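Participant: If it helps, the file is called final22.txt and holds compact mmCIF, C-alpha atoms and all ligand atoms:
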```
# COMPACT_ATOMS: atom_id res chain seq x y z
CA MET A 1 -20.24 35.71 8.92
CA THR A 2 -17.78 33.01 7.86
CA VAL A 3 -19.19 29.81 6.45
CA PRO A 4 -17.33 26.78 7.83
CA THR A 5 -15.69 24.77 5.04
CA PRO A 6 -16.56 21.07 5.01
CA PRO A 7 -13.70 18.76 5.98
CA ALA A 8 -11.63 17.19 3.20
CA ARG A 9 -12.86 13.71 2.31
CA ILE A 10 -10.26 11.01 1.76
CA LEU A 11 -10.83 7.48 0.57
CA ILE A 12 -8.11 4.92 1.32
CA LEU A 13 -8.34 1.70 -0.63
CA TYR A 14 -5.69 -0.82 0.33
CA TYR A 15 -4.68 -4.41 0.18
CA SER A 16 -2.39 -6.02 2.70
CA TYR A 17 -1.28 -9.63 2.70
CA SER A 18 1.10 -9.85 5.64
CA GLY A 19 -0.20 -6.86 7.60
CA GLN A 20 2.42 -4.19 6.88
CA SER A 21 0.29 -1.97 4.61
CA ALA A 22 -2.61 -2.42 7.04
CA VAL A 23 -0.62 -0.83 9.89
CA LEU A 24 0.70 1.95 7.64
CA VAL A 25 -2.85 2.71 6.52
CA ARG A 26 -4.17 2.67 10.08
CA ARG A 27 -1.54 5.23 11.10
CA LEU A 28 -2.10 7.36 7.99
CA ALA A 29 -5.86 7.36 8.61
CA ALA A 30 -5.30 8.35 12.26
CA GLY A 31 -3.11 11.28 11.17
CA LEU A 32 -5.70 12.40 8.62
CA ALA A 33 -8.55 12.17 11.12
CA ASP A 34 -6.56 13.97 13.85
CA GLY A 35 -5.85 16.68 11.27
CA GLY A 36 -9.58 17.20 10.79
CA ALA A 37 -10.17 15.23 7.58
CA GLU A 38 -12.99 12.78 7.01
CA VAL A 39 -11.52 9.38 6.16
CA HIS A 40 -13.03 6.20 4.82
CA TRP A 41 -10.56 3.31 4.71
CA GLU A 42 -11.27 -0.02 3.29
CA ARG A 43 -9.30 -3.21 2.66
CA ILE A 44 -9.77 -4.72 -0.78
CA GLN A 45 -11.11 -8.21 -0.15
CA PRO A 46 -10.00 -11.01 -2.47
CA ARG A 47 -12.82 -13.40 -3.35
CA ARG A 48 -10.61 -16.30 -2.28
CA ALA A 49 -8.73 -15.43 0.89
CA LEU A 50 -4.99 -15.95 0.60
CA ARG A 51 -3.68 -17.49 3.79
CA PHE A 52 -0.73 -15.82 5.52
CA PRO A 53 1.73 -17.41 5.89
CA LEU A 54 1.49 -19.79 2.98
CA GLY A 55 3.11 -22.53 5.02
CA SER A 56 5.40 -23.94 2.34
CA ILE A 57 8.53 -22.99 0.40
CA PHE A 58 7.04 -24.43 -2.79
CA LYS A 59 3.84 -22.34 -2.49
CA THR A 60 5.94 -19.23 -1.83
CA PHE A 61 7.99 -19.79 -5.00
CA ALA A 62 4.79 -20.43 -6.94
CA LEU A 63 3.15 -17.20 -5.70
CA MET A 64 6.25 -15.16 -6.51
CA LEU A 65 6.39 -16.72 -9.95
CA ILE A 66 2.77 -16.19 -10.96
CA THR A 67 2.71 -12.62 -9.66
CA LEU A 68 5.58 -11.81 -12.04
CA PHE A 69 2.95 -12.04 -14.77
CA ARG A 70 0.58 -9.57 -13.10
CA VAL A 71 -2.01 -12.23 -12.37
CA ARG A 72 -5.26 -10.65 -11.16
CA PHE A 73 -6.78 -11.83 -7.88
CA ALA A 74 -10.57 -11.44 -8.12
CA ILE A 75 -12.01 -9.12 -5.47
CA GLN A 76 -15.33 -8.43 -3.75
CA PRO A 77 -17.04 -5.17 -4.72
CA PRO A 78 -15.73 -2.36 -2.47
CA ALA A 79 -18.25 -0.82 -0.07
CA ALA A 80 -17.20 2.77 -0.88
CA ASP A 81 -19.03 4.68 -3.57
CA PRO A 82 -16.78 5.82 -6.44
CA ASP A 83 -19.23 8.64 -7.18
CA ASP A 84 -18.80 10.27 -3.76
CA PRO A 85 -16.89 13.55 -4.00
CA TRP A 86 -13.53 12.30 -2.66
CA ASP A 87 -10.87 15.01 -2.52
CA LEU A 88 -8.13 12.41 -2.55
CA VAL A 89 -7.94 8.67 -3.06
CA VAL A 90 -5.04 6.81 -1.46
CA LEU A 91 -4.22 3.49 -3.11
CA ALA A 92 -2.01 1.46 -0.79
CA GLY A 93 -0.52 -2.00 -0.81
CA PRO A 94 2.53 -4.18 -1.21
CA THR A 95 4.82 -4.76 -4.17
CA TRP A 96 4.47 -8.29 -5.52
CA SER A 97 7.24 -9.40 -7.87
CA TRP A 98 7.97 -5.82 -9.00
CA ASN A 99 4.26 -5.16 -9.60
CA PRO A 100 1.20 -4.02 -7.70
CA SER A 101 -0.43 -6.96 -5.89
CA GLY A 102 -3.05 -9.12 -7.64
CA PRO A 103 -6.05 -7.64 -5.75
CA VAL A 104 -4.93 -4.06 -6.55
CA LEU A 105 -4.57 -5.00 -10.23
CA ALA A 106 -8.14 -6.33 -10.18
CA LEU A 107 -9.34 -3.10 -8.52
CA LEU A 108 -7.72 -1.00 -11.25
CA ASP A 109 -9.30 -3.16 -13.98
CA GLU A 110 -12.79 -3.44 -12.52
CA TYR A 111 -13.36 -0.19 -10.65
CA PRO A 112 -11.67 2.64 -12.58
CA GLY A 113 -14.40 5.00 -11.36
CA PHE A 114 -12.59 5.35 -8.02
CA PHE A 115 -9.63 6.94 -9.74
CA ARG A 116 -10.95 8.83 -12.75
CA SER A 117 -10.23 12.59 -12.73
CA ARG A 118 -8.98 12.56 -9.13
CA PRO A 119 -5.65 12.92 -7.39
CA VAL A 120 -4.59 9.40 -6.41
CA LEU A 121 -1.76 9.00 -3.93
CA ALA A 122 0.11 5.71 -4.17
CA MET A 123 1.46 4.29 -0.92
CA ILE A 124 3.76 1.31 -1.36
CA SER A 125 4.97 -1.16 1.23
CA CYS A 126 7.84 -3.27 -0.02
CA ARG A 127 11.04 -5.03 0.81
CA GLY A 128 12.92 -2.43 -1.24
CA TYR A 129 12.26 -2.92 -4.96
CA TRP A 130 9.29 -0.85 -5.99
CA SER A 131 10.23 1.31 -9.00
CA SER A 132 8.66 -0.83 -11.74
CA HIS A 133 5.55 -1.22 -9.53
CA TRP A 134 5.25 2.57 -9.49
CA ARG A 135 5.99 3.00 -13.21
CA TYR A 136 3.18 0.57 -14.04
CA LEU A 137 0.75 2.15 -11.57
CA GLU A 138 1.50 5.67 -12.76
CA LYS A 139 0.85 4.65 -16.36
CA ARG A 140 -2.43 2.91 -15.49
CA LEU A 141 -3.65 5.87 -13.43
CA ALA A 142 -2.72 8.40 -16.09
CA LYS A 143 -4.66 6.35 -18.67
CA MET A 144 -7.77 6.67 -16.48
CA ALA A 145 -7.30 10.46 -16.37
CA ALA A 146 -6.39 10.24 -12.67
CA ILE A 147 -3.70 12.52 -11.27
CA PRO A 148 -1.01 10.12 -10.00
CA CYS A 149 0.65 11.40 -6.81
CA GLY A 150 3.60 10.03 -4.89
CA PRO A 151 4.64 7.40 -4.49
CA VAL A 152 5.09 7.32 -0.75
CA VAL A 153 7.31 4.28 -0.29
CA PHE A 154 8.03 2.37 2.90
CA ASP A 155 10.70 -0.27 2.51
CA HIS A 156 11.98 -2.83 4.97
CA PRO A 157 15.02 -1.18 6.52
CA GLN A 158 17.01 -4.39 7.10
CA SER A 159 20.16 -4.91 5.03
CA GLU A 160 20.49 -7.37 2.18
CA PRO A 161 20.60 -10.30 1.72
CA TRP A 162 18.80 -10.76 5.05
CA ARG A 163 15.66 -8.83 4.20
CA THR A 164 15.10 -10.85 1.02
CA ILE A 165 15.73 -14.14 2.78
CA GLY A 166 13.66 -12.94 5.73
CA VAL A 167 10.62 -11.96 3.63
CA PHE A 168 10.74 -15.22 1.71
CA LEU A 169 10.92 -17.36 4.85
CA LYS A 170 8.25 -15.30 6.61
CA ILE A 171 5.81 -15.86 3.73
CA ALA A 172 6.69 -19.54 3.72
CA GLY A 173 5.76 -19.73 7.39
CA ILE A 174 9.20 -19.84 9.00
CA ALA A 175 9.63 -16.89 11.37
CA PRO A 176 13.30 -16.01 10.75
CA GLU A 177 13.31 -13.16 13.29
CA ARG A 178 12.67 -15.74 16.01
CA SER A 179 15.32 -18.14 14.78
CA SER A 180 17.95 -19.08 17.35
CA SER A 181 20.44 -19.78 14.52
CA PHE A 182 22.71 -17.16 12.86
CA LEU A 183 19.71 -15.92 10.81
CA GLY A 184 18.02 -14.51 13.91
CA ARG A 185 21.18 -12.50 14.64
CA PHE A 186 21.09 -10.76 11.26
CA TYR A 187 17.32 -10.54 10.80
CA ARG A 188 15.72 -9.26 13.97
CA ARG A 189 12.43 -7.93 12.67
CA PHE A 190 10.07 -8.54 9.77
CA GLY A 191 8.78 -5.48 7.95
CA HIS A 192 8.61 -1.84 8.91
CA THR A 193 9.72 -0.10 12.08
CA LYS A 194 7.78 1.96 14.60
CA GLU A 195 9.50 5.06 13.19
CA GLN A 196 8.06 4.29 9.75
CA PHE A 197 4.57 3.84 11.19
CA ASP A 198 5.00 7.21 12.93
CA GLU A 199 6.04 8.70 9.58
CA ALA A 200 2.77 7.45 8.07
CA TYR A 201 0.89 9.22 10.87
CA GLN A 202 2.80 12.47 10.25
CA LEU A 203 2.08 12.19 6.55
CA GLY A 204 -1.62 11.98 7.42
CA ARG A 205 -1.39 15.14 9.52
CA GLU A 206 0.46 16.97 6.76
CA LEU A 207 -1.98 15.85 4.08
CA ALA A 208 -4.98 16.86 6.18
CA ALA A 209 -3.54 20.34 6.73
CA ASN A 210 -2.87 20.74 3.01
CA LEU A 211 -6.21 19.36 1.89
CA ALA A 212 -8.00 21.77 4.25
CA ARG A 213 -6.38 24.50 2.11
CA LYS A 214 -7.40 22.58 -1.05
CA THR A 215 -3.79 21.76 -1.91
CA ILE A 216 -1.62 18.67 -1.99
CA PRO A 217 2.07 19.01 -1.01
CA ALA A 218 3.97 19.88 -4.21
CA ASP A 219 6.57 17.17 -3.62
CA LEU A 220 3.78 14.57 -3.62
CA CYS A 221 1.83 15.71 -6.61
CA ARG A 222 3.26 17.30 -9.68
CA ARG A 223 -0.11 18.49 -10.99
CA PRO A 224 -2.10 20.24 -8.24
C1 LIG B 1 4.33 -12.69 -3.67
C2 LIG B 1 5.20 -11.59 -3.12
C3 LIG B 1 6.12 -10.96 -3.94
C4 LIG B 1 6.91 -9.91 -3.45
N1 LIG B 1 7.74 -9.25 -4.31
C5 LIG B 1 8.41 -8.15 -3.89
C6 LIG B 1 9.17 -7.34 -4.80
O1 LIG B 1 9.22 -7.57 -6.02
N2 LIG B 1 9.83 -6.26 -4.31
C7 LIG B 1 9.81 -5.95 -2.98
O2 LIG B 1 10.44 -4.97 -2.59
N3 LIG B 1 9.09 -6.68 -2.09
C8 LIG B 1 8.38 -7.76 -2.51
N4 LIG B 1 7.61 -8.50 -1.63
C9 LIG B 1 7.61 -8.12 -0.21
C10 LIG B 1 6.40 -7.24 0.17
O3 LIG B 1 6.21 -6.19 -0.75
C11 LIG B 1 6.63 -6.66 1.55
O4 LIG B 1 6.85 -7.71 2.46
C12 LIG B 1 5.48 -5.77 2.02
O5 LIG B 1 5.90 -5.05 3.16
C13 LIG B 1 4.26 -6.59 2.35
O6 LIG B 1 3.17 -5.74 2.61
P1 LIG B 1 1.80 -6.33 3.24
O7 LIG B 1 2.18 -6.89 4.57
O8 LIG B 1 0.90 -5.16 3.34
O9 LIG B 1 1.29 -7.40 2.33
C14 LIG B 1 6.83 -9.54 -2.09
C15 LIG B 1 5.91 -10.21 -1.25
C16 LIG B 1 5.10 -11.20 -1.76
C17 LIG B 1 4.09 -11.87 -0.86
```
I need this file expressed as structure tokens, please.
Facilitator:
Amino acid sequence: MTVPTPPARILILYYSYSGQSAVLVRRLAAGLADGGAEVHWERIQPRRALRFPLGSIFKTFALMLITLFRVRFAIQPPAADPDDPWDLVVLAGPTWSWNPSGPVLALLDEYPGFFRSRPVLAMISCRGYWSSHWRYLEKRLAKMAAIPCGPVVFDHPQSEPWRTIGVFLKIAGIAPERSSSFLGRFYRRFGHTKEQFDEAYQLGRELAANLARKTIPADLCRRP
């Protein structure tokens, strides 16, 4: 008689300000679930909601400036239990001024129990400049005795300088992709593409298949 193995259990903790990480996570979770894994996904909730868009150029500059200094954004306690036997934790969210976002920084400070002694896969949504974000995250996770995996990075595929101008204006509340001026010709879409969201789904399928065999793809995790 064969004893059925319990499904792999994955916890996804994410923050999303302008919705891009939220869609990536939704697709990843769908891929994991369709692959037979048990998934709990949860958005980290800042104590003071940050309005999107900010609605002003000045506020956008100010946010980009303060986040350079890794300012923490206080968060509500997550609903998930860090003591549950998660086989994998996915930590997802945007890059803010070359760093993890303020709510993710607060999560790392206040709730290290989610990460300790576990494989933690970083999923990053960014305009295109994520490497110091990852270096910082990897160091923090290693210090908590987590096993840092990834990162899986999704950038905005538009060319420069349009994607930088586009992200800035979008946060400020001006939708550049709808502009009838020359900007709208060069910047047709904010954020990720459907193909990238499909990639997140496929990643979920692949991870679920690997976790069912108690492995993580070698290219994602150096220490199995
Ligand atoms: C305050 C702030 C700072 C940002 N800084 C960076 C950055 O340093 N590098 C980068 O590639 N993208 C940066 N971005 C762009 C976001 O990472 C990108 O738009 C991401 O897709 C947003 O994900 P979200 O919709 O889940 O919040 C920044 C966005 C904000 C709001």
Participant: Hey, which bits of stretch 161-221 of chain A sit within 9 Å of stretch 14-20 of chain A, and for each residue what's the closest pair of atoms and how far apart in Å (one decimal), counting only C-alpha atoms, rows by chain and increasing number, as JSON lines?
Facilitator:
```
{"residue": "A:Ile171", "atom": "CA", "partner": "A:Ser18", "partner_atom": "CA", "distance": 7.9}
{"residue": "A:Gly191", "atom": "CA", "partner": "A:Gln20", "partner_atom": "CA", "distance": 6.6}
{"residue": "A:His192", "atom": "CA", "partner": "A:Gln20", "partner_atom": "CA", "distance": 6.9}
```
Participant: Taking all atoms listed in the file into account, which residues have an atom no farther than 6 Å from ligand LIG 1 (chain B)? I'd like them as a PyMOL selection string.
Facilitator: chain A and resi 16-22+63-64+93-98+125-130+167+191
Participant: Closest to A:Arg213 among A:Gly36, A:Leu137, A:Val25, A:Pro100, using all atoms listed in the file?
Facilitator: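 Comparing A:Gly36, A:Leu137, A:Val25, A:Pro100 against A:Arg213, the winner is A:Gly36.
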Participant: Give me the residues within 10 Å of A:Asn99 as a compact mmCIF listing (two decimals) with C-alpha atoms, in the frame of the given file, counting all atoms listed in the file and dropping any in the same chain fewer than 4 places off.
Facilitator:
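Contents of around-v3.txt, as written:
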```
# COMPACT_ATOMS: atom_id res chain seq x y z
CA THR A 67 2.71 -12.62 -9.66
CA LEU A 68 5.58 -11.81 -12.04
CA PHE A 69 2.95 -12.04 -14.77
CA ARG A 70 0.58 -9.57 -13.10
CA VAL A 71 -2.01 -12.23 -12.37
CA PRO A 94 2.53 -4.18 -1.21
CA THR A 95 4.82 -4.76 -4.17
CA VAL A 104 -4.93 -4.06 -6.55
CA LEU A 105 -4.57 -5.00 -10.23
CA TYR A 129 12.26 -2.92 -4.96
CA TRP A 130 9.29 -0.85 -5.99
CA SER A 131 10.23 1.31 -9.00
CA SER A 132 8.66 -0.83 -11.74
CA HIS A 133 5.55 -1.22 -9.53
CA TRP A 134 5.25 2.57 -9.49
CA ARG A 135 5.99 3.00 -13.21
CA TYR A 136 3.18 0.57 -14.04
CA LEU A 137 0.75 2.15 -11.57
```
Participant: Please identify all polymer residues within 12 Å of A:Leu211, counting only C-alpha atoms, omitting same-chain residues fewer than 5 positions from it, and present them as a PyMOL selection string.
Facilitator: chain A and resi 5-10+32-33+35-38+86-89+119+203-206+216-218+224
Participant: As a list of chain:residue names, please: the residues near stretch 174-179 of chain A (cut-off 7 Å, all atoms listed in the file, same-chain neighbours under 6 positions excluded).
Facilitator: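 Within the cut-off, the hits are A:Gly166, A:Tyr187, A:Arg188, A:Arg189, A:Phe190.
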Participant: For the selection you just gave me, I'd like the residues written to a file as a PDB file, in the coordinates of the input, keeping C-alpha atoms.
Facilitator:
```pdb
ATOM      1  CA  GLY A 166      13.660 -12.940   5.730  1.00  0.00           C
ATOM      2  CA  TYR A 187      17.320 -10.540  10.800  1.00  0.00           C
ATOM      3  CA  ARG A 188      15.720  -9.260  13.970  1.00  0.00           C
ATOM      4  CA  ARG A 189      12.430  -7.930  12.670  1.00  0.00           C
ATOM      5  CA  PHE A 190      10.070  -8.540   9.770  1.00  0.00           C
TER       6      PHE A 190
END
```
Participant: Around stretch 202-221 of chain A, with edges along x, y and z and 3 Å added on all six sides, what centre and edge lengths do you get, in Å to one decimal, as AutoDock Vina command-line options?
Facilitator:
```
--center_x -0.7 --center_y 18.2 --center_z 1.8 --size_x 20.6 --size_y 18.5 --size_z 22.9
```
Participant: Find the residues near A:Cys221: any atom within 8 Å, counting all atoms listed in the file, skip ones fewer than 6 places away on the same chain, and give them as a list in words.
Facilitator: Ile147, Pro148, Cys149 and Gly150 of chain A
